[in-house]
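Note: the block below is structure_6.cif and it holds mmCIF, C-alpha atoms.
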```
data_query
#
loop_
_atom_site.label_atom_id
_atom_site.label_comp_id
_atom_site.auth_asym_id
_atom_site.auth_seq_id
_atom_site.Cartn_x
_atom_site.Cartn_y
_atom_site.Cartn_z
CA MET A 1 7.56 -36.76 -27.94
CA LEU A 2 7.70 -35.14 -24.48
CA ARG A 3 4.05 -35.99 -23.89
CA SER A 4 4.61 -39.61 -24.84
CA VAL A 5 7.60 -39.82 -22.48
CA GLN A 6 5.55 -38.30 -19.66
CA ALA A 7 2.68 -40.70 -20.36
CA GLU A 8 5.11 -43.64 -20.27
CA GLN A 9 6.57 -42.40 -16.98
CA GLU A 10 3.09 -42.07 -15.51
CA ARG A 11 2.25 -45.60 -16.63
CA LEU A 12 5.46 -46.95 -15.07
CA ARG A 13 4.70 -45.07 -11.86
CA ARG A 14 1.22 -46.58 -11.62
CA GLU A 15 2.60 -50.06 -12.29
CA ASN A 16 5.26 -49.47 -9.63
CA GLN A 17 2.62 -48.40 -7.10
CA GLU A 18 0.43 -51.42 -7.96
CA ALA A 19 3.41 -53.74 -7.63
CA LYS A 20 4.26 -52.26 -4.23
CA ALA A 21 0.66 -52.66 -3.10
CA GLU A 22 0.68 -56.31 -4.23
CA LEU A 23 3.98 -56.86 -2.38
CA VAL A 24 2.50 -55.41 0.82
CA GLU A 25 -0.55 -57.62 0.43
CA ALA A 26 1.60 -60.69 -0.20
CA ARG A 27 3.68 -59.98 2.89
CA ARG A 28 0.57 -59.54 4.98
CA ARG A 29 -0.85 -62.83 3.70
CA LEU A 30 2.44 -64.57 4.45
CA ARG A 31 2.42 -63.14 7.96
CA ASP A 32 -1.14 -64.35 8.52
CA LEU A 33 -0.31 -67.83 7.18
CA GLN A 34 2.75 -68.05 9.42
CA ALA A 35 0.70 -67.07 12.44
CA VAL A 36 -1.98 -69.69 11.66
CA SER A 37 0.54 -72.43 10.84
CA ARG A 38 2.51 -72.22 14.13
CA PRO A 39 2.26 -75.62 16.01
CA SER A 40 0.59 -75.78 19.37
CA PRO A 41 2.83 -76.51 22.39
CA SER A 42 1.42 -80.05 22.69
CA ARG A 43 2.54 -80.96 19.22
CA LYS A 44 6.02 -82.52 18.94
CA ALA A 45 6.46 -82.05 15.25
CA SER A 46 9.74 -80.39 14.45
CA ILE A 47 8.34 -78.64 11.35
CA ALA A 48 4.98 -76.99 11.37
CA GLU A 49 2.60 -78.04 8.72
CA PRO A 50 0.73 -75.24 7.00
CA VAL A 51 -2.91 -75.06 7.89
CA PRO A 52 -5.21 -74.04 5.08
CA VAL A 53 -6.93 -70.68 5.61
CA SER A 54 -10.54 -70.31 4.58
CA GLY A 55 -12.75 -67.25 4.32
CA PRO A 56 -11.98 -63.66 3.29
CA LEU A 57 -8.74 -62.05 4.40
CA PRO A 58 -8.95 -59.23 7.00
CA PRO A 59 -8.80 -55.62 5.66
CA LEU A 60 -5.48 -53.83 5.40
CA PRO A 61 -4.56 -51.58 8.34
CA PRO A 62 -5.10 -47.82 7.80
CA LEU A 63 -2.23 -45.65 6.59
CA ARG A 64 -0.15 -43.89 9.21
CA ALA A 65 -0.54 -40.13 9.82
CA VAL A 66 2.99 -39.66 8.44
CA SER A 67 4.52 -42.30 6.18
CA GLY A 68 7.88 -42.08 7.99
CA VAL A 69 10.57 -39.56 8.83
CA VAL A 70 10.15 -37.16 5.91
CA GLY A 71 11.06 -33.56 5.15
CA ALA A 72 10.98 -30.75 2.62
CA ILE A 73 12.93 -27.61 1.82
CA GLU A 74 11.89 -24.71 -0.36
CA GLY A 75 13.12 -21.35 -1.57
CA GLY A 76 11.53 -18.51 -3.44
CA ALA A 77 11.78 -14.84 -4.38
CA GLY A 78 9.43 -12.11 -5.46
CA GLY A 79 7.61 -9.03 -4.18
CA PHE A 80 6.23 -8.48 -0.68
CA ARG A 81 3.97 -5.61 0.35
CA ALA A 82 7.01 -3.58 1.46
CA GLY A 83 9.25 -4.43 -1.52
CA ASN A 84 11.19 -7.22 -3.16
CA GLY A 85 12.55 -10.08 -1.09
CA ALA A 86 13.46 -13.76 -0.86
CA TYR A 87 13.01 -16.59 1.60
CA ALA A 88 14.08 -20.14 2.45
CA ALA A 89 12.17 -22.63 4.58
CA GLY A 90 12.33 -26.24 5.68
CA SER A 91 10.20 -28.78 7.55
CA LEU A 92 10.67 -32.17 9.21
CA ALA A 93 7.78 -34.54 10.03
CA PHE A 94 7.58 -37.95 11.71
CA PRO A 95 4.82 -40.25 12.95
CA ILE A 96 3.78 -40.73 16.58
CA GLY A 97 2.19 -44.15 16.54
CA ARG A 98 -0.12 -44.75 13.62
CA SER A 99 -2.65 -41.92 13.82
CA PHE A 100 -0.64 -38.99 15.15
CA GLY A 101 2.18 -36.95 13.68
CA PHE A 102 4.39 -33.99 14.50
CA GLN A 103 6.10 -31.46 12.24
CA ALA A 104 8.65 -28.69 12.90
CA ASP A 105 9.06 -25.73 10.48
CA LEU A 106 11.80 -23.09 10.10
CA ALA A 107 11.97 -20.08 7.80
CA ALA A 108 14.23 -17.09 7.07
CA ILE A 109 12.92 -14.13 5.06
CA ALA A 110 14.94 -11.17 3.73
CA ASN A 111 13.32 -7.94 2.54
CA GLY A 112 15.80 -5.22 1.59
CA GLY A 113 17.63 -4.36 4.81
CA ASP A 114 15.20 -6.35 6.99
CA LEU A 115 15.40 -9.92 8.25
CA GLY A 116 12.65 -12.19 9.54
CA LEU A 117 13.05 -15.53 11.32
CA GLY A 118 10.22 -17.91 12.12
CA ALA A 119 9.67 -21.32 13.72
CA ALA A 120 6.52 -23.44 14.12
CA GLY A 121 5.47 -26.69 15.74
CA ARG A 122 2.43 -28.75 14.68
CA ALA A 123 0.84 -31.77 16.33
CA PHE A 124 -1.98 -33.45 14.43
CA LEU A 125 -4.23 -36.45 13.97
CA ARG A 126 -4.44 -37.42 10.29
CA ASP A 127 -6.02 -40.08 8.11
CA PRO A 128 -4.48 -39.63 4.62
CA THR A 129 -7.73 -40.83 3.03
CA LYS A 130 -10.05 -38.47 4.93
CA GLY A 131 -8.49 -35.43 6.56
CA LEU A 132 -6.57 -33.86 9.42
CA ILE A 133 -7.16 -32.00 12.67
CA GLY A 134 -4.43 -30.52 14.83
CA LEU A 135 -2.86 -27.71 16.84
CA TYR A 136 -0.51 -25.08 15.40
CA GLY A 137 1.91 -22.80 17.28
CA SER A 138 4.59 -20.43 15.95
CA VAL A 139 6.90 -17.60 16.93
CA ASP A 140 8.72 -15.14 14.67
CA TYR A 141 11.19 -12.30 15.11
CA ALA A 142 11.82 -9.43 12.70
CA THR A 143 14.62 -6.88 12.79
CA SER A 144 16.76 -4.58 10.63
CA ILE A 145 20.21 -5.25 9.21
CA ARG A 146 22.56 -2.41 8.31
CA SER A 147 26.23 -2.22 7.35
CA TYR A 148 27.19 -1.74 11.00
CA GLY A 149 25.41 -4.81 12.29
CA LEU A 150 22.16 -5.97 13.80
CA GLN A 151 19.96 -3.26 15.26
CA ASP A 152 17.77 -4.03 18.23
CA VAL A 153 14.61 -2.56 16.69
CA GLY A 154 12.78 -5.80 16.00
CA THR A 155 9.44 -7.21 17.00
CA THR A 156 8.41 -10.64 18.29
CA MET A 157 5.08 -12.32 17.66
CA GLY A 158 3.55 -15.56 18.82
CA ARG A 159 0.64 -17.46 17.30
CA ILE A 160 -1.65 -20.23 18.44
CA ALA A 161 -4.19 -21.73 16.06
CA GLY A 162 -6.22 -24.73 15.12
CA GLU A 163 -5.35 -26.61 11.95
CA GLY A 164 -7.55 -28.77 9.76
CA ALA A 165 -7.87 -30.41 6.35
CA LEU A 166 -10.50 -32.34 4.41
CA PHE A 167 -9.57 -34.68 1.53
CA LEU A 168 -12.26 -35.12 -1.15
CA ASP A 169 -10.94 -37.16 -4.07
CA ARG A 170 -9.00 -34.53 -6.09
CA PHE A 171 -10.00 -31.61 -3.85
CA THR A 172 -8.40 -30.56 -0.58
CA VAL A 173 -9.60 -27.90 1.86
CA ASP A 174 -6.96 -27.02 4.45
CA GLY A 175 -5.75 -24.13 6.60
CA ILE A 176 -5.09 -22.61 10.00
CA ALA A 177 -7.03 -20.01 12.02
CA GLY A 178 -6.25 -18.54 15.42
CA TRP A 179 -4.93 -15.63 17.51
CA GLN A 180 -1.79 -13.52 17.23
CA MET A 181 -0.01 -11.99 20.26
CA GLY A 182 3.19 -10.07 20.95
CA ASP A 183 4.73 -6.69 20.17
CA ARG A 184 2.28 -6.03 17.37
CA ALA A 185 -1.42 -5.53 18.02
CA GLN A 186 -3.27 -8.69 18.97
CA HIS A 187 -5.83 -9.87 16.48
CA PHE A 188 -7.36 -12.86 14.70
CA PHE A 189 -5.69 -14.34 11.60
CA ASP A 190 -6.33 -17.13 9.11
CA GLN A 191 -4.84 -18.89 6.08
CA ILE A 192 -7.40 -21.03 4.19
CA ASP A 193 -6.89 -22.80 0.83
CA LEU A 194 -9.00 -24.83 -1.59
CA SER A 195 -6.79 -27.00 -3.82
CA TRP A 196 -7.63 -28.97 -6.95
CA TYR A 197 -5.31 -31.59 -8.40
CA ALA A 198 -5.77 -31.47 -12.16
CA THR A 199 -3.45 -34.50 -12.26
CA ASP A 200 -1.68 -36.34 -9.46
CA ASP A 201 1.31 -34.02 -9.99
CA LEU A 202 -0.35 -30.68 -10.85
CA ARG A 203 -2.16 -28.62 -8.21
CA PHE A 204 -4.05 -25.32 -8.44
CA SER A 205 -5.25 -23.46 -5.34
CA VAL A 206 -7.27 -20.41 -4.33
CA GLY A 207 -7.81 -19.14 -0.81
CA HIS A 208 -8.19 -16.37 1.75
CA ARG A 209 -5.67 -14.60 3.99
CA TYR A 210 -6.31 -12.30 6.95
CA GLU A 211 -2.90 -10.98 7.99
CA ASN A 212 -1.97 -7.64 9.57
CA ARG A 213 -5.70 -6.77 9.62
CA ILE A 214 -5.85 -7.07 5.80
CA HIS A 215 -8.19 -9.35 3.85
CA ALA A 216 -6.53 -10.79 0.73
CA VAL A 217 -7.20 -13.38 -1.98
CA ALA A 218 -4.48 -16.00 -2.45
CA ALA A 219 -3.84 -18.09 -5.57
CA GLY A 220 -1.15 -20.59 -6.48
CA ALA A 221 -0.01 -23.47 -8.66
CA GLU A 222 2.54 -26.27 -8.21
CA TYR A 223 3.90 -28.96 -10.54
CA LEU A 224 5.99 -31.99 -9.48
CA LEU A 225 8.68 -32.86 -12.01
CA PRO A 226 8.63 -36.53 -13.23
CA LEU A 227 11.88 -37.80 -11.67
CA LEU A 228 10.80 -41.32 -10.53
CA SER A 229 12.76 -40.94 -7.29
CA PRO A 230 12.03 -40.81 -3.55
CA VAL A 231 13.26 -37.22 -3.79
CA GLY A 232 10.65 -35.06 -5.51
CA ILE A 233 11.23 -31.57 -6.96
CA SER A 234 8.41 -29.19 -7.81
CA VAL A 235 8.10 -25.64 -9.16
CA PHE A 236 5.51 -23.29 -7.69
CA ALA A 237 4.12 -19.76 -8.01
CA GLU A 238 1.87 -17.89 -5.58
CA GLY A 239 0.19 -14.48 -5.53
CA ARG A 240 -1.73 -12.24 -3.12
CA ILE A 241 -4.15 -9.34 -3.84
CA GLY A 242 -5.85 -7.54 -0.98
CA GLU A 243 -6.94 -4.34 0.76
CA ARG A 244 -4.80 -1.17 1.10
CA ASP A 245 -2.99 -1.93 -2.18
CA TYR A 246 -1.59 -5.19 -0.82
CA ARG A 247 0.17 -7.01 -3.67
CA ALA A 248 2.62 -9.91 -3.35
CA GLY A 249 3.97 -12.59 -5.68
CA LEU A 250 6.45 -15.41 -5.15
CA GLY A 251 7.95 -18.20 -7.23
CA GLY A 252 10.48 -20.93 -6.50
CA LEU A 253 11.29 -24.62 -5.94
CA ARG A 254 10.29 -27.24 -3.36
CA VAL A 255 12.22 -30.43 -2.70
CA TYR A 256 10.43 -33.34 -0.97
CA PHE A 257 12.41 -36.04 0.87
CA GLY A 258 10.30 -39.17 1.33
CA GLN A 259 10.46 -42.92 1.81
CA GLU A 260 9.42 -43.74 -1.76
CA ASP A 261 8.50 -42.26 -5.08
CA LYS A 262 5.07 -40.60 -4.76
CA SER A 263 2.85 -38.23 -6.68
CA LEU A 264 2.40 -34.64 -5.50
CA LEU A 265 -1.08 -35.49 -4.21
CA ARG A 266 0.21 -38.34 -2.00
CA ARG A 267 3.23 -36.37 -0.75
CA GLN A 268 0.96 -33.55 0.48
CA ARG A 269 -1.50 -35.94 2.17
CA GLU A 270 0.88 -38.57 3.55
CA ASP A 271 4.12 -36.62 4.24
CA THR A 272 4.90 -32.99 5.16
CA LEU A 273 2.40 -30.16 5.57
CA LYS A 274 2.62 -26.74 3.87
CA VAL A 275 4.93 -24.23 5.62
CA ARG A 276 2.84 -21.19 6.71
CA LEU A 277 5.51 -18.83 8.08
CA VAL A 278 5.90 -16.55 5.04
CA ASP A 279 2.48 -14.84 4.83
CA PRO A 280 2.79 -12.90 8.13
CA PHE A 281 5.94 -11.18 6.78
CA ALA A 282 4.64 -10.67 3.22
CA ALA A 283 1.67 -8.60 4.47
CA ARG A 284 3.67 -6.12 6.58
CA PRO A 285 3.48 -2.56 5.14
CA ASN A 286 6.90 -1.07 6.01
CA GLY A 287 9.29 -3.98 6.16
CA PHE A 288 9.78 -6.05 9.30
CA ARG A 289 10.98 -3.24 11.59
CA VAL A 290 7.66 -2.23 13.10
CA VAL A 291 7.41 -0.14 16.24
CA PRO A 292 5.33 -2.04 18.81
CA ALA A 293 1.76 -0.88 18.64
CA VAL A 294 0.44 1.01 21.66
CA GLY A 295 -2.75 -0.51 22.93
CA PRO A 296 -5.86 1.60 23.61
CA GLN A 297 -5.99 3.45 26.94
CA GLY A 298 -7.91 1.54 29.54
CA PRO A 299 -10.92 3.03 31.35
CA ALA A 300 -10.20 5.36 34.26
CA GLY A 301 -10.34 3.66 37.64
CA PRO A 302 -12.82 4.76 40.36
CA GLN A 303 -11.86 7.88 42.32
CA GLY A 304 -10.40 7.15 45.75
CA ALA A 305 -11.84 8.53 48.99
CA THR A 306 -10.89 12.08 49.96
CA GLY A 307 -8.00 12.06 52.44
CA ALA A 308 -7.92 14.06 55.72
CA ARG A 309 -6.99 17.71 55.36
CA GLY A 310 -3.35 18.33 56.19
CA ALA A 311 -1.96 21.22 58.25
CA THR A 312 -1.51 24.54 56.48
CA GLY A 313 2.05 24.84 55.30
CA ALA A 314 4.24 27.93 55.67
CA GLN A 315 3.69 30.58 53.04
CA GLY A 316 6.14 30.12 50.23
CA PRO A 317 8.11 32.90 48.59
CA ALA A 318 6.35 35.08 46.07
CA GLY A 319 6.29 33.44 42.69
CA PRO A 320 7.78 35.07 39.62
CA GLN A 321 5.70 37.62 37.79
CA GLY A 322 3.31 35.97 35.43
CA ALA A 323 3.59 36.34 31.70
CA ALA A 324 1.90 39.34 30.07
CA GLY A 325 -1.70 38.66 29.17
CA ALA A 326 -2.80 38.23 25.63
CA GLN A 327 -3.32 41.46 23.64
CA GLY A 328 -6.94 42.59 23.63
CA ALA A 329 -9.04 42.69 20.50
CA ALA A 330 -8.64 45.71 18.18
CA GLY A 331 -11.18 48.54 18.74
CA ALA A 332 -13.79 49.57 16.21
CA GLN A 333 -12.49 51.67 13.29
CA GLY A 334 -13.01 55.50 13.70
CA PRO A 335 -14.81 57.72 11.14
CA ALA A 336 -12.94 58.69 8.00
CA GLY A 337 -11.02 62.06 8.24
CA ALA A 338 -11.62 65.04 5.93
CA PRO A 339 -9.78 64.78 2.62
CA GLY A 340 -6.46 66.69 2.57
CA LEU A 341 -5.51 69.51 0.18
CA ALA A 342 -4.30 68.53 -3.24
CA GLY A 343 -0.52 68.51 -3.37
CA ALA A 344 1.49 70.62 -5.81
CA GLN A 345 1.95 69.13 -9.22
CA GLY A 346 5.30 67.47 -9.45
CA PRO A 347 7.76 68.23 -12.25
CA ALA A 348 7.15 66.51 -15.55
CA GLY A 349 9.06 63.34 -15.84
CA PRO A 350 11.51 62.75 -18.64
CA GLN A 351 10.02 61.73 -21.95
CA GLY A 352 9.84 58.00 -22.27
CA VAL A 353 11.51 56.08 -25.00
CA ALA A 354 9.52 56.14 -28.21
CA GLY A 355 7.46 53.05 -28.57
CA ALA A 356 7.91 50.72 -31.46
CA GLN A 357 6.05 51.82 -34.62
CA GLY A 358 2.66 50.19 -34.82
CA PRO A 359 1.54 48.24 -37.83
CA THR A 360 0.26 50.20 -40.86
CA GLY A 361 -3.47 50.86 -40.58
CA ALA A 362 -5.97 49.92 -43.23
CA PRO A 363 -6.39 52.59 -46.06
CA GLY A 364 -9.15 55.16 -45.38
CA LEU A 365 -12.14 55.84 -47.60
CA ALA A 366 -11.62 58.04 -50.76
CA GLY A 367 -12.36 61.80 -50.07
CA PRO A 368 -14.69 63.93 -52.26
CA GLN A 369 -13.25 65.19 -55.67
CA GLY A 370 -11.73 68.66 -55.44
CA PRO A 371 -12.72 71.53 -57.80
CA ALA A 372 -11.19 71.63 -61.27
CA GLY A 373 -7.97 73.61 -61.40
CA ALA A 374 -7.48 76.68 -63.69
CA GLN A 375 -6.84 75.90 -67.36
CA GLY A 376 -3.19 75.92 -68.08
CA ALA A 377 -1.62 78.07 -70.76
CA THR A 378 -2.03 76.94 -74.34
CA GLY A 379 0.92 74.96 -75.34
CA ALA A 380 3.00 75.76 -78.41
CA THR A 381 1.51 74.71 -81.69
CA GLY A 382 2.88 71.47 -82.73
CA ALA A 383 4.52 70.93 -86.03
CA GLN A 384 2.10 70.63 -88.95
CA GLY A 385 1.56 67.10 -89.89
CA PRO A 386 1.97 65.90 -93.44
CA THR A 387 -0.76 66.73 -95.91
CA GLY A 388 -3.18 63.94 -96.25
CA SER A 389 -4.13 62.47 -99.55
CA GLN A 390 -6.69 64.46 -101.54
CA GLY A 391 -10.18 63.20 -101.13
CA VAL A 392 -12.48 62.27 -103.98
CA ALA A 393 -14.06 65.28 -105.64
CA GLY A 394 -17.59 65.80 -104.59
CA VAL A 395 -20.54 66.08 -106.94
CA PRO A 396 -20.79 69.68 -108.25
CA GLY A 397 -23.54 71.59 -106.54
CA ALA A 398 -26.55 73.03 -108.41
CA ALA A 399 -26.22 76.51 -109.95
CA GLY A 400 -27.31 79.31 -107.70
CA ALA A 401 -30.32 81.51 -108.56
CA GLN A 402 -29.53 84.52 -110.75
CA GLY A 403 -29.61 87.84 -108.96
CA PRO A 404 -32.06 90.62 -110.08
CA ALA A 405 -31.05 92.76 -112.95
CA GLY A 406 -29.97 96.24 -112.09
CA PRO A 407 -32.14 99.22 -113.31
CA GLN A 408 -31.57 100.30 -116.86
CA GLY A 409 -29.86 103.60 -117.23
CA PRO A 410 -31.38 106.41 -119.25
CA VAL A 411 -30.78 106.36 -122.87
CA GLY A 412 -28.16 108.78 -123.64
CA ALA A 413 -28.09 110.89 -126.59
CA THR A 414 -26.65 109.22 -129.26
CA GLY A 415 -23.58 110.90 -129.23
CA ALA A 416 -20.45 110.01 -130.17
CA GLN A 417 -19.69 106.82 -128.94
CA GLY A 418 -18.50 107.50 -125.61
CA ALA A 419 -16.19 105.58 -123.62
CA THR A 420 -17.37 102.26 -122.35
CA GLY A 421 -18.91 102.57 -118.92
CA ALA A 422 -17.68 100.82 -115.85
CA THR A 423 -18.85 97.32 -115.16
CA GLY A 424 -21.57 97.06 -112.51
CA ALA A 425 -21.01 95.47 -109.16
CA GLN A 426 -21.49 91.72 -109.10
CA GLY A 427 -24.52 90.48 -107.23
CA PRO A 428 -24.29 88.32 -104.09
CA ALA A 429 -23.57 84.62 -104.56
CA GLY A 430 -26.52 82.25 -104.11
CA PRO A 431 -26.71 79.66 -101.31
CA GLN A 432 -24.53 76.60 -101.75
CA GLY A 433 -26.33 73.44 -102.68
CA PRO A 434 -26.23 70.23 -100.59
CA GLU A 435 -23.06 68.22 -100.64
CA GLY A 436 -23.20 65.40 -103.04
CA GLN A 437 -22.56 61.78 -101.91
CA ILE A 438 -19.41 60.05 -102.88
CA ARG A 439 -19.91 57.00 -105.03
CA LEU A 440 -17.31 54.34 -104.99
#
```
Please go through the file and, once you have read it, give me the structure as C-alpha cells.
Amino acid sequence: MLRSVQAEQERLRRENQEAKAELVEARRRLRDLQAVSRPSPSRKASIAEPVPVSGPLPPLPPLRAVSGVVGAIEGGAGGFRAGNGAYAAGSLAFPIGRSFGFQADLAAIANGGDLGLGAAGRAFLRDPTKGLIGLYGSVDYATSIRSYGLQDVGTTMGRIAGEGALFLDRFTVDGIAGWQMGDRAQHFFDQIDLSWYATDDLRFSVGHRYENRIHAVAAGAEYLLPLLSPVGISVFAEGRIGERDYRAGLGGLRVYFGQEDKSLLRRQREDTLKVRLVDPFAARPNGFRVVPAVGPQGPAGPQGATGARGATGAQGPAGPQGAAGAQGAAGAQGPAGAPGLAGAQGPAGPQGVAGAQGPTGAPGLAGPQGPAGAQGATGATGAQGPTGSQGVAGVPGAAGAQGPAGPQGPVGATGAQGATGATGAQGPAGPQGPEGQIRL
C-alpha cells in the first residue's frame, strides 16, 4: 500500500511540474503576443487588434543559477576521529542576475568539551542543466569549553579554494579543492564527491577527502521524504574511513526551504549547495584544541662581515672554581691473591625439623630361601581313631613246603615201654604265598 501511495504521489508531482511548465509557456506566449499586438504610434485605434504570429516560438530562457532566495538547515550526530559529537549547520543562497549566485554557510560543531564554529562564502556561475564553477572561502575557530568557561586555547584556520560541479543526467561530480592557512600547518585539502540519483529523491555518493594530511574515502546516502510541499525534509547518513585509523560516521536531517515543491535532484542543482564545514573538524585527532604547529626552521642566513677588534677590557675577577672533572676509567684488574687458610669448622647447627614421610616405595624382589630349620619335637600321639570296618578276607595262600624230617633216633631196646619222649622242635615256617585278589 505504501508503494502505491508513493507511486501516486510521484505521478501527481510529475503532473504538477508539467502543469507549471505549461503555465510558464502560456505566460511567455501571452507576453510575446502582447508585445506583437501593441499598436504603432501612428495608429489611432483605441484598442489594439491582435496580430497573428507565424513561425516557431523562440526558445525558453535558461534557468537562473539560483531559483530564488532559498535556504537549508541540517543537524546530525555521530562519531568523529576524536570521539562522539554533534553539529548543526545552515545556508542561505540567492541569485545575482541570471547566471551568478552567492551562498553563505554557518556551522557549529560540539565534540565532548570542545566547540568548533565555521563560516563560508561562495560565489559561483551555474547552469542547472550543465554544471557550476566558483570560488570558495571559509574561516573556522575551535576552542575548549569547561565548567569554568571558555578557555583561550583555540585555533583559527582560513581556506581558499576553487569549486566546481558537472551534471550528467543522474550523475553529479562536485567538490572543492584548495589551500589551508592559519594556526595549523598549511597544506592542500580537497572534498570531492560522485553522486548517483537512483530516483529523483534518492541519492548515493562516494568520494575522497584530504583533511589534516589524511586521505580518506567518503560515502553517503540521502532520501527526500514525499511531502509535496515547498519545504523538503530529507534523512541522510555519511561515513569516512581513512589513514591513521580515521573513522567517522554521521546521520541526521536536512530541511530545504525553496520557492516550490521540487525533487531532491532539482533542489541540489537549482537551490542551495552542500555545506562543507564539518569535515575539517571530523578529521582532527585530539579534539579541536590543537596547539599551533611550529613550522620548520628556516635556513641559516649568510654570516656577516667580521667587525673591527675592540679595545682589550680590564681583567675581570677570577671566576669560581670549576666543577670537578669526570672520574677516570677504572684500572685493569690485578692478579688473583693466594687462597687463604681454611677457617675452623663452625659448630653443628641444630637438627632440622623432620621432613614429611615419603611415599611407600615399591616392594623389593624376593630374597633366596633360607635353610630348613631343625625338626621340632614329636608331638603327642593323637587319640586313636575308631576301628575301621573289617576288610574282605583274602584268598588263602598256598601251603608252605614241608620241612625236612629230623634224623631217626637209634632203636632202643625194647624195653619196657618207656615214657613218651619229648616232641621235637617245629621246623621253620615256609614263605608266605602271594596275596590273593579280592573278587567283588
Under the PyMOL selection byres ((chain A and resi 204-209) around 7), which residues of this model are included? Write them out as a list in words.
Asp190, Gln191, Ile192, Asp193, Leu194, Ser195, Trp196, Tyr197, Leu202, Arg203, Tyr210, Glu211, His215, Ala216, Val217, Ala218, Ala219, Gly220, Ala221 and Glu222 of chain A
Atom CA of Ala86 of chain A and atom CA of Ile109 of chain A are how many Å apart?
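Here the two named atoms are 6.0 Å from each other.
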Test item: the PyMOL selection byres ((chain A and resi 117) around 7) resolved as a PDB file with C-alpha atoms, in the coordinates of the input:
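Saved to out-v8.pdb:
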```
ATOM      1  CA  ALA A 107      11.970 -20.080   7.800  1.00  0.00           C
ATOM      2  CA  ALA A 108      14.230 -17.090   7.070  1.00  0.00           C
ATOM      3  CA  ILE A 109      12.920 -14.130   5.060  1.00  0.00           C
ATOM      4  CA  LEU A 115      15.400  -9.920   8.250  1.00  0.00           C
ATOM      5  CA  GLY A 116      12.650 -12.190   9.540  1.00  0.00           C
ATOM      6  CA  GLY A 118      10.220 -17.910  12.120  1.00  0.00           C
ATOM      7  CA  ASP A 140       8.720 -15.140  14.670  1.00  0.00           C
ATOM      8  CA  TYR A 141      11.190 -12.300  15.110  1.00  0.00           C
ATOM      9  CA  ALA A 142      11.820  -9.430  12.700  1.00  0.00           C
TER      10      ALA A 142
END
```
Who sits within 8 Å of segment 102-106 of chain A, all atoms listed in the file, same chain under 6 positions skipped, as an mmCIF file with C-alpha atoms, in the coordinates of the input:
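Saved the output as out03.cif:
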```cif
data_model
loop_
_atom_site.group_PDB
_atom_site.id
_atom_site.type_symbol
_atom_site.label_atom_id
_atom_site.label_comp_id
_atom_site.auth_asym_id
_atom_site.auth_seq_id
_atom_site.Cartn_x
_atom_site.Cartn_y
_atom_site.Cartn_z
ATOM 1 C CA ALA A 89 12.170 -22.630 4.580
ATOM 2 C CA GLY A 90 12.330 -26.240 5.680
ATOM 3 C CA SER A 91 10.200 -28.780 7.550
ATOM 4 C CA LEU A 92 10.670 -32.170 9.210
ATOM 5 C CA ALA A 93 7.780 -34.540 10.030
ATOM 6 C CA PHE A 94 7.580 -37.950 11.710
ATOM 7 C CA PRO A 95 4.820 -40.250 12.950
ATOM 8 C CA ILE A 96 3.780 -40.730 16.580
ATOM 9 C CA LEU A 117 13.050 -15.530 11.320
ATOM 10 C CA GLY A 118 10.220 -17.910 12.120
ATOM 11 C CA ALA A 119 9.670 -21.320 13.720
ATOM 12 C CA ALA A 120 6.520 -23.440 14.120
ATOM 13 C CA GLY A 121 5.470 -26.690 15.740
ATOM 14 C CA ARG A 122 2.430 -28.750 14.680
ATOM 15 C CA ALA A 123 0.840 -31.770 16.330
ATOM 16 C CA PHE A 124 -1.980 -33.450 14.430
ATOM 17 C CA THR A 272 4.900 -32.990 5.160
ATOM 18 C CA LEU A 273 2.400 -30.160 5.570
ATOM 19 C CA VAL A 275 4.930 -24.230 5.620
ATOM 20 C CA LEU A 277 5.510 -18.830 8.080
#
```
For this structure, which residues satisfy the selection - the PyMOL selection byres ((chain A and resi 13) around 12) - when it is evaluated on the file as given? I want them as a PyMOL selection string.
chain A and resi 6-12+14-20+200-201+226-230+260-263
What's the separation between atom CA of Lys274 of chain A and atom CA of Thr143 of chain A, in Å to one decimal place?
24.9 Å
